[in-house]
Amino acid sequence: MRTSYRADVVGSLLRPKYLMQAREEWEAGRLSTAAFKTVEDRAVDQAIALQEAIGVDVVSDGELRRLVFFDHFIQGLDGLSATPAAAVRFHGGSELGDIDFLAPVCVTDKIRLRRMLTIEEFAYARGSARKPVKVTLPSPLIFFALWSPEHSRDAYADPFELFADAAQLVRTEARELAALGCEYIQVDAPELAQVFGDPAQRAQWESLGISADRAMTEGVDLVNSVADVPGVSFGLHLCRGNYQSRWIAEGDYTDFAAKAFGRATNYDTFLLEYDDSRSGSFEPLAKLPDDKSAVLGLVSTKHDRLEPADELVGRIEEAERYVSRERLALSTQCGFASDASGNLISDEVQEAKLRLVAEVARRVWG
């Protein structure tokens with residue numbers, strides 16, 4: 001199933017301050033769960049209304065019920081323990097500096113699905129939205145961030161056994177979403193852009209005891225397997241890290257296009273980060289299969305600069321040298337808040353960038 005949305009969204013939005021405050025009160029036991037859910041619902045209603053008013057073609061719930069973009073899986077799984085996994089280094093250049101992200105848990109037992117938060121997310125958003133609702137799910141390989149060579153091997157001697165179990169759980173959740181009428185699911189796979197494009201990231205995986213070569217073959221097959229769900233259009237989102245306006249990796253799509261476009265056959269759309277030089281040129285798009293489309297992530301969520309509309313139109317025309325306009329669309333390069341703290345931009349800039357996506361899409365595609 002293939003559905004084209006010219007003005008797409010990646011997923012997460014900045015959390016309103018009142019939602020952040022309510023979460024703190026709930027976690028401290030000063031706010032009941034019922035009251036907290038009412039606040040969450042209000043925030044989601046406002047997020048959807050904002051996207052619809054701006055004019056994008058598909059909306060998300062802003063991932064406002066999550067702490068990080070894959071938090072819904074952390075919350076819903078057994079098999080995790082409160083031992084931090086390996087640190088992931090995010091780079092901010094001379095202006096922001098580098099910081100480390102540590103997942104607060106790691107895998108210490110066989111993972112089992114206890115609840116499906118995305119079911120709650122979609123069921124509520126569907127009732128609030130007038131436009132199609134996208135749901136985001138994590139790539140099974142994102143569990144590398146929860147893998148500890150020291151603590152995880154008793155449960156999984158081979159990390160790819162963990163990834164295989166994760167794939168089964170992600171696919172189960174996708175099927176439940178389809179049964180509720182969800183027609184567009186995005187699988188977030190930042191690790192694929194990182195491991196395919198950046199030798200330093202491949203070395204990091206190897207240092208954790210995870211074969212980078214297997215990630216680029218067997219791993220892609222596992223990511224492809226979660227999208228084997230009838231009635232749903234699947235998009236695969238690739239980025240190079242997105243945390244407090246920082247990034248993990250650099251490197252173009254040359255290897256991914258050559259080795260993965262042909263393996264990820266269950267995906268209709270590839271949502272590709274293209275907001276700066278770290279992503280390389282559009283040339284790898286020439287290898288995009290004829291029955292697939294690409295969403296160009298040209299608008300950055302990492303900084304306040306508002307890209308000129310003419311500049312975006314020019315970049316889309318440049319991409320047309322390699323793939324026809326009919327198989328292209330536009331979005332931001334990633335979400336605005338892959339974790340609850342969000343990128344270092346304002347609510348006003350977030351709105352302006354989403355509006356820019358919608359306006360340029362109408363200008364290019366009508």
# chains A, B, ... in the order shown; residues from 1 in each chain; ligands from 1

$ residues_around --residues "Gly79 in chain A" --least-positions-apart "6" --cutoff "12 Å" --atoms "only C-alpha atoms" --output "VMD selection string"
chain A and resid 73 105 to 114 146 to 147 151 to 152 154 to 156 162 165 to 166

$ write_last_selection --atoms "N, CA and C atoms" --output "compact mmCIF listing (two decimals), in the first residue's frame"
# COMPACT_ATOMS: atom_id res chain seq x y z
N PHE A 73 8.46 1.88 23.91
CA PHE A 73 8.86 0.48 24.01
C PHE A 73 9.54 0.19 25.35
N VAL A 105 18.20 2.27 31.16
CA VAL A 105 18.02 0.83 31.37
C VAL A 105 18.81 0.07 30.31
N CYS A 106 19.03 -1.20 30.57
CA CYS A 106 19.61 -2.07 29.56
C CYS A 106 18.91 -3.43 29.61
N VAL A 107 19.09 -4.20 28.58
CA VAL A 107 18.48 -5.52 28.48
C VAL A 107 19.23 -6.49 29.39
N THR A 108 18.49 -7.16 30.26
CA THR A 108 19.10 -8.16 31.14
C THR A 108 18.34 -9.48 31.14
N ASP A 109 17.23 -9.55 30.40
CA ASP A 109 16.45 -10.78 30.30
C ASP A 109 15.77 -10.78 28.94
N LYS A 110 15.15 -11.88 28.58
CA LYS A 110 14.40 -11.93 27.33
C LYS A 110 13.32 -10.86 27.34
N ILE A 111 13.22 -10.10 26.26
CA ILE A 111 12.24 -9.02 26.23
C ILE A 111 10.85 -9.57 25.90
N ARG A 112 9.87 -9.03 26.59
CA ARG A 112 8.47 -9.44 26.41
C ARG A 112 7.60 -8.19 26.43
N LEU A 113 6.59 -8.19 25.56
CA LEU A 113 5.71 -7.03 25.46
C LEU A 113 4.65 -7.09 26.55
N ARG A 114 4.60 -6.03 27.36
CA ARG A 114 3.63 -5.96 28.45
C ARG A 114 2.43 -5.09 28.08
N LEU A 146 20.24 -0.19 24.05
CA LEU A 146 19.90 -0.85 25.32
C LEU A 146 20.75 -2.09 25.55
N TRP A 147 21.74 -2.28 24.69
CA TRP A 147 22.59 -3.47 24.75
C TRP A 147 23.83 -3.16 25.59
N HIS A 151 26.10 -6.76 30.69
CA HIS A 151 24.88 -7.17 31.38
C HIS A 151 23.87 -7.91 30.52
N SER A 152 24.00 -7.84 29.19
CA SER A 152 22.95 -8.39 28.32
C SER A 152 23.23 -9.81 27.82
N ASP A 154 23.89 -12.66 29.21
CA ASP A 154 23.24 -13.81 29.84
C ASP A 154 21.87 -14.07 29.22
N ALA A 155 21.21 -13.00 28.78
CA ALA A 155 19.91 -13.15 28.13
C ALA A 155 20.05 -13.41 26.64
N TYR A 156 21.01 -12.73 26.01
CA TYR A 156 21.22 -12.85 24.57
C TYR A 156 22.72 -12.94 24.31
N LEU A 162 18.57 -10.59 20.13
CA LEU A 162 17.78 -9.50 20.73
C LEU A 162 17.06 -8.72 19.64
N ASP A 165 14.07 -10.66 18.35
CA ASP A 165 12.92 -10.59 19.27
C ASP A 165 12.26 -9.22 19.20
N ALA A 166 13.07 -8.16 19.12
CA ALA A 166 12.52 -6.82 19.01
C ALA A 166 11.71 -6.66 17.73

$ residues_around --residues "range 177-181 of chain A" --least-positions-apart "4" --cutoff "9 Å" --atoms "only C-alpha atoms" --output "PyMOL selection string"
chain A and resi 118-119+122-123+126+135+172-173+185+229-232

$ residues_around --residues "Glu52 in chain A" --least-positions-apart "2" --cutoff "12 Å" --atoms "only C-alpha atoms" --output "JSON, numbers by chain"
{"A": [7, 8, 9, 45, 46, 47, 48, 49, 50, 54, 55, 56, 57, 58, 59, 60, 61, 128, 129, 130, 131, 132, 133, 351, 354, 355, 358]}

$ closest_residue --among "A:Cys182, A:Val360, A:Asp275, A:Ser281" --to "Thr332 in chain A" --atoms "only C-alpha atoms"
A:Asp275

$ select_by_dssp --residues "range 165-307 of chain A" --states "strand (DSSP E or B)" --output "list in words"
Tyr184, Ile185, Gln186, Val187, Asp188, Ser233, Phe234, Gly235, Leu236, His237, Leu238, Tyr243, Arg246, Trp247, Thr269, Phe270, Leu271, Leu272, Glu273, Ser293, Ala294, Val295, Leu296, Gly297, Leu298 and Val299 of chain A

$ write_last_selection --atoms "C-alpha atoms" --output "PDB file, in the first residue's frame"
ATOM      1  CA  TYR A 184       0.712   5.119   7.760  1.00  0.00           C
ATOM      2  CA  ILE A 185       3.485   3.884  10.038  1.00  0.00           C
ATOM      3  CA  GLN A 186       6.964   5.353  10.154  1.00  0.00           C
ATOM      4  CA  VAL A 187       9.807   3.182  11.431  1.00  0.00           C
ATOM      5  CA  ASP A 188      12.590   5.287  12.922  1.00  0.00           C
ATOM      6  CA  SER A 233       1.967   2.311   3.983  1.00  0.00           C
ATOM      7  CA  PHE A 234       5.361   2.144   5.706  1.00  0.00           C
ATOM      8  CA  GLY A 235       8.028   4.831   5.729  1.00  0.00           C
ATOM      9  CA  LEU A 236      11.608   4.292   6.869  1.00  0.00           C
ATOM     10  CA  HIS A 237      13.156   7.341   8.519  1.00  0.00           C
ATOM     11  CA  LEU A 238      16.930   7.769   8.599  1.00  0.00           C
ATOM     12  CA  TYR A 243      19.269  15.273  20.727  1.00  0.00           C
ATOM     13  CA  ARG A 246      23.223  17.754  18.441  1.00  0.00           C
ATOM     14  CA  TRP A 247      24.080  14.840  16.150  1.00  0.00           C
ATOM     15  CA  THR A 269       8.794   5.639   1.352  1.00  0.00           C
ATOM     16  CA  PHE A 270      12.228   6.598   2.640  1.00  0.00           C
ATOM     17  CA  LEU A 271      12.342   9.732   4.794  1.00  0.00           C
ATOM     18  CA  LEU A 272      15.907  10.995   4.446  1.00  0.00           C
ATOM     19  CA  GLU A 273      17.708  13.665   6.429  1.00  0.00           C
ATOM     20  CA  SER A 293       9.337   7.483  -3.033  1.00  0.00           C
ATOM     21  CA  ALA A 294      11.592   9.734  -0.985  1.00  0.00           C
ATOM     22  CA  VAL A 295      10.671  12.431   1.520  1.00  0.00           C
ATOM     23  CA  LEU A 296      13.435  15.032   1.531  1.00  0.00           C
ATOM     24  CA  GLY A 297      14.209  16.272   5.041  1.00  0.00           C
ATOM     25  CA  LEU A 298      15.422  19.693   3.934  1.00  0.00           C
ATOM     26  CA  VAL A 299      14.127  21.809   6.820  1.00  0.00           C
TER      27      VAL A 299
END

$ closest_residue --among "A:Trp26, A:Arg278, A:Ala189, A:Ala145" --to "Ala87 in chain A" --atoms "only C-alpha atoms"
A:Ala145

$ residues_around --residues "Leu169 in chain A" --least-positions-apart "5" --cutoff "12 Å" --atoms "only C-alpha atoms" --output "mmCIF file with C-alpha atoms, in the first residue's frame"
data_model
loop_
_atom_site.group_PDB
_atom_site.id
_atom_site.type_symbol
_atom_site.label_atom_id
_atom_site.label_comp_id
_atom_site.auth_asym_id
_atom_site.auth_seq_id
_atom_site.Cartn_x
_atom_site.Cartn_y
_atom_site.Cartn_z
ATOM 1 C CA PHE A 73 8.861 0.475 24.013
ATOM 2 C CA GLY A 76 5.950 -1.433 27.681
ATOM 3 C CA LEU A 77 8.615 -4.153 27.951
ATOM 4 C CA ASP A 78 9.703 -6.672 30.516
ATOM 5 C CA LYS A 110 14.401 -11.935 27.331
ATOM 6 C CA ILE A 111 12.236 -9.020 26.230
ATOM 7 C CA ARG A 112 8.471 -9.444 26.411
ATOM 8 C CA LEU A 113 5.710 -7.034 25.458
ATOM 9 C CA ARG A 114 3.632 -5.965 28.448
ATOM 10 C CA ARG A 115 1.612 -3.100 26.914
ATOM 11 C CA MET A 116 1.376 -1.144 23.663
ATOM 12 C CA LEU A 137 7.650 2.858 15.778
ATOM 13 C CA PRO A 138 11.316 2.175 16.523
ATOM 14 C CA SER A 139 13.594 0.078 14.379
ATOM 15 C CA PRO A 140 14.416 -3.209 16.114
ATOM 16 C CA PHE A 143 17.901 -1.827 20.796
ATOM 17 C CA LEU A 162 17.784 -9.501 20.728
ATOM 18 C CA PHE A 163 17.137 -7.593 17.497
ATOM 19 C CA ALA A 164 15.106 -10.533 16.142
ATOM 20 C CA ALA A 174 2.209 -2.629 13.760
ATOM 21 C CA ARG A 175 -0.434 -5.285 13.182
ATOM 22 C CA GLU A 176 -2.467 -4.042 16.142
ATOM 23 C CA LEU A 222 15.022 -7.471 10.323
ATOM 24 C CA VAL A 223 14.037 -3.824 9.862
ATOM 25 C CA SER A 225 10.418 -7.638 8.341
ATOM 26 C CA VAL A 226 8.519 -5.325 10.704
ATOM 27 C CA ALA A 227 6.836 -3.650 7.716
#

$ residues_around --residues "Ala309 in chain A" --least-positions-apart "2" --cutoff "9 Å" --atoms "only C-alpha atoms" --output "list of chain:residue names"
A:Leu306, A:Glu307, A:Glu311, A:Leu312, A:Val313, A:Gly314, A:Leu356, A:Val357, A:Glu359, A:Val360

$ closest_residue --among "A:Asn266, A:Asp290, A:Cys334, A:Ala340" --to "Arg23 in chain A" --atoms "only C-alpha atoms"
A:Ala340

$ residues_around --residues "Ser324 in chain A" --least-positions-apart "4" --cutoff "12 Å" --atoms "only C-alpha atoms" --output "NGL selection string"
:A and (285-286 or 288-294 or 316-320 or 328-329 or 365)

$ residues_around --residues "Tyr18 in chain A" --least-positions-apart "2" --cutoff "12 Å" --atoms "only C-alpha atoms" --output "count of residues only"
16

$ atom_distance --atom1 "CA of Lys134 in chain A" --atom2 "CA of Gln51 in chain A"
12.1 Å

$ closest_residue --among "A:Gly97, A:Gly209, A:Gly342, A:Gly11" --to "Phe144 in chain A" --atoms "only C-alpha atoms"
A:Gly209

$ select_by_dssp --residues "range 45-264 of chain A" --states "helix (DSSP H, G or I)" --output "count of residues only"
97

$ decode --residues "range 4-47 of chain A" --atoms "N, CA and C atoms" --output "compact mmCIF listing (two decimals), in the first residue's frame"
# COMPACT_ATOMS: atom_id res chain seq x y z
N SER A 4 0.88 8.92 -0.77
CA SER A 4 1.81 10.02 -0.92
C SER A 4 1.29 11.25 -0.19
N TYR A 5 2.11 11.78 0.68
CA TYR A 5 1.83 13.04 1.35
C TYR A 5 2.97 13.99 1.01
N ARG A 6 2.67 15.07 0.33
CA ARG A 6 3.73 15.97 -0.14
C ARG A 6 4.34 16.77 1.01
N ALA A 7 3.51 17.18 1.97
CA ALA A 7 3.99 17.90 3.15
C ALA A 7 3.89 16.96 4.33
N ASP A 8 5.01 16.32 4.65
CA ASP A 8 5.04 15.26 5.67
C ASP A 8 5.60 15.81 6.98
N VAL A 9 5.37 15.09 8.05
CA VAL A 9 5.96 15.39 9.35
C VAL A 9 6.71 14.16 9.82
N VAL A 10 7.75 14.38 10.61
CA VAL A 10 8.55 13.26 11.06
C VAL A 10 7.99 12.66 12.35
N GLY A 11 7.47 13.47 13.25
CA GLY A 11 6.88 12.87 14.45
C GLY A 11 6.83 13.78 15.64
N SER A 12 7.97 14.01 16.30
CA SER A 12 7.95 14.66 17.60
C SER A 12 7.84 16.17 17.50
N LEU A 13 7.18 16.75 18.49
CA LEU A 13 7.06 18.20 18.64
C LEU A 13 7.55 18.61 20.02
N LEU A 14 7.90 19.89 20.15
CA LEU A 14 8.32 20.40 21.44
C LEU A 14 7.22 20.21 22.48
N ARG A 15 7.60 19.80 23.66
CA ARG A 15 6.62 19.60 24.73
C ARG A 15 6.22 20.94 25.34
N PRO A 16 4.92 21.19 25.49
CA PRO A 16 4.49 22.41 26.19
C PRO A 16 4.98 22.40 27.63
N LYS A 17 5.27 23.57 28.15
CA LYS A 17 5.78 23.65 29.53
C LYS A 17 4.78 23.08 30.52
N TYR A 18 3.49 23.30 30.28
CA TYR A 18 2.51 22.79 31.22
C TYR A 18 2.48 21.26 31.24
N LEU A 19 2.81 20.63 30.11
CA LEU A 19 2.87 19.17 30.07
C LEU A 19 4.09 18.67 30.83
N MET A 20 5.22 19.33 30.66
CA MET A 20 6.42 18.95 31.39
C MET A 20 6.21 19.08 32.89
N GLN A 21 5.54 20.15 33.31
CA GLN A 21 5.28 20.36 34.73
C GLN A 21 4.33 19.29 35.26
N ALA A 22 3.31 18.95 34.48
CA ALA A 22 2.36 17.93 34.91
C ALA A 22 3.05 16.58 35.05
N ARG A 23 3.96 16.26 34.14
CA ARG A 23 4.69 14.99 34.25
C ARG A 23 5.52 14.95 35.53
N GLU A 24 6.19 16.05 35.84
CA GLU A 24 6.97 16.10 37.08
C GLU A 24 6.08 15.87 38.30
N GLU A 25 4.92 16.49 38.31
CA GLU A 25 4.00 16.34 39.45
C GLU A 25 3.46 14.92 39.53
N TRP A 26 3.17 14.33 38.37
CA TRP A 26 2.68 12.95 38.34
C TRP A 26 3.74 11.98 38.83
N GLU A 27 4.98 12.15 38.34
CA GLU A 27 6.06 11.25 38.77
C GLU A 27 6.37 11.40 40.25
N ALA A 28 6.11 12.59 40.80
CA ALA A 28 6.35 12.81 42.24
C ALA A 28 5.17 12.38 43.09
N GLY A 29 4.08 11.92 42.44
CA GLY A 29 2.92 11.46 43.18
C GLY A 29 1.97 12.56 43.60
N ARG A 30 2.16 13.77 43.08
CA ARG A 30 1.29 14.89 43.45
C ARG A 30 0.14 15.07 42.48
N LEU A 31 0.11 14.29 41.40
CA LEU A 31 -0.95 14.38 40.40
C LEU A 31 -1.40 12.97 40.07
N SER A 32 -2.70 12.74 40.05
CA SER A 32 -3.21 11.40 39.76
C SER A 32 -2.97 11.06 38.29
N THR A 33 -2.99 9.77 37.99
CA THR A 33 -2.82 9.33 36.61
C THR A 33 -3.94 9.87 35.73
N ALA A 34 -5.18 9.83 36.26
CA ALA A 34 -6.30 10.33 35.47
C ALA A 34 -6.13 11.81 35.14
N ALA A 35 -5.68 12.60 36.11
CA ALA A 35 -5.48 14.02 35.86
C ALA A 35 -4.34 14.25 34.89
N PHE A 36 -3.28 13.46 35.01
CA PHE A 36 -2.15 13.60 34.09
C PHE A 36 -2.57 13.25 32.67
N LYS A 37 -3.36 12.21 32.50
CA LYS A 37 -3.80 11.83 31.16
C LYS A 37 -4.67 12.93 30.54
N THR A 38 -5.43 13.62 31.35
CA THR A 38 -6.22 14.74 30.84
C THR A 38 -5.32 15.84 30.30
N VAL A 39 -4.22 16.10 31.00
CA VAL A 39 -3.26 17.09 30.54
C VAL A 39 -2.59 16.62 29.24
N GLU A 40 -2.19 15.35 29.18
CA GLU A 40 -1.62 14.80 27.95
C GLU A 40 -2.59 14.96 26.79
N ASP A 41 -3.87 14.62 27.02
CA ASP A 41 -4.86 14.72 25.95
C ASP A 41 -4.96 16.16 25.44
N ARG A 42 -4.96 17.10 26.35
CA ARG A 42 -5.03 18.51 25.96
C ARG A 42 -3.84 18.88 25.08
N ALA A 43 -2.65 18.43 25.45
CA ALA A 43 -1.45 18.75 24.68
C ALA A 43 -1.52 18.13 23.29
N VAL A 44 -1.99 16.89 23.20
CA VAL A 44 -2.12 16.23 21.91
C VAL A 44 -3.15 16.94 21.04
N ASP A 45 -4.28 17.33 21.63
CA ASP A 45 -5.29 18.07 20.87
C ASP A 45 -4.68 19.33 20.25
N GLN A 46 -3.89 20.05 21.03
CA GLN A 46 -3.29 21.29 20.54
C GLN A 46 -2.25 21.02 19.46
N ALA A 47 -1.49 19.93 19.63
CA ALA A 47 -0.48 19.58 18.62
C ALA A 47 -1.13 19.25 17.29
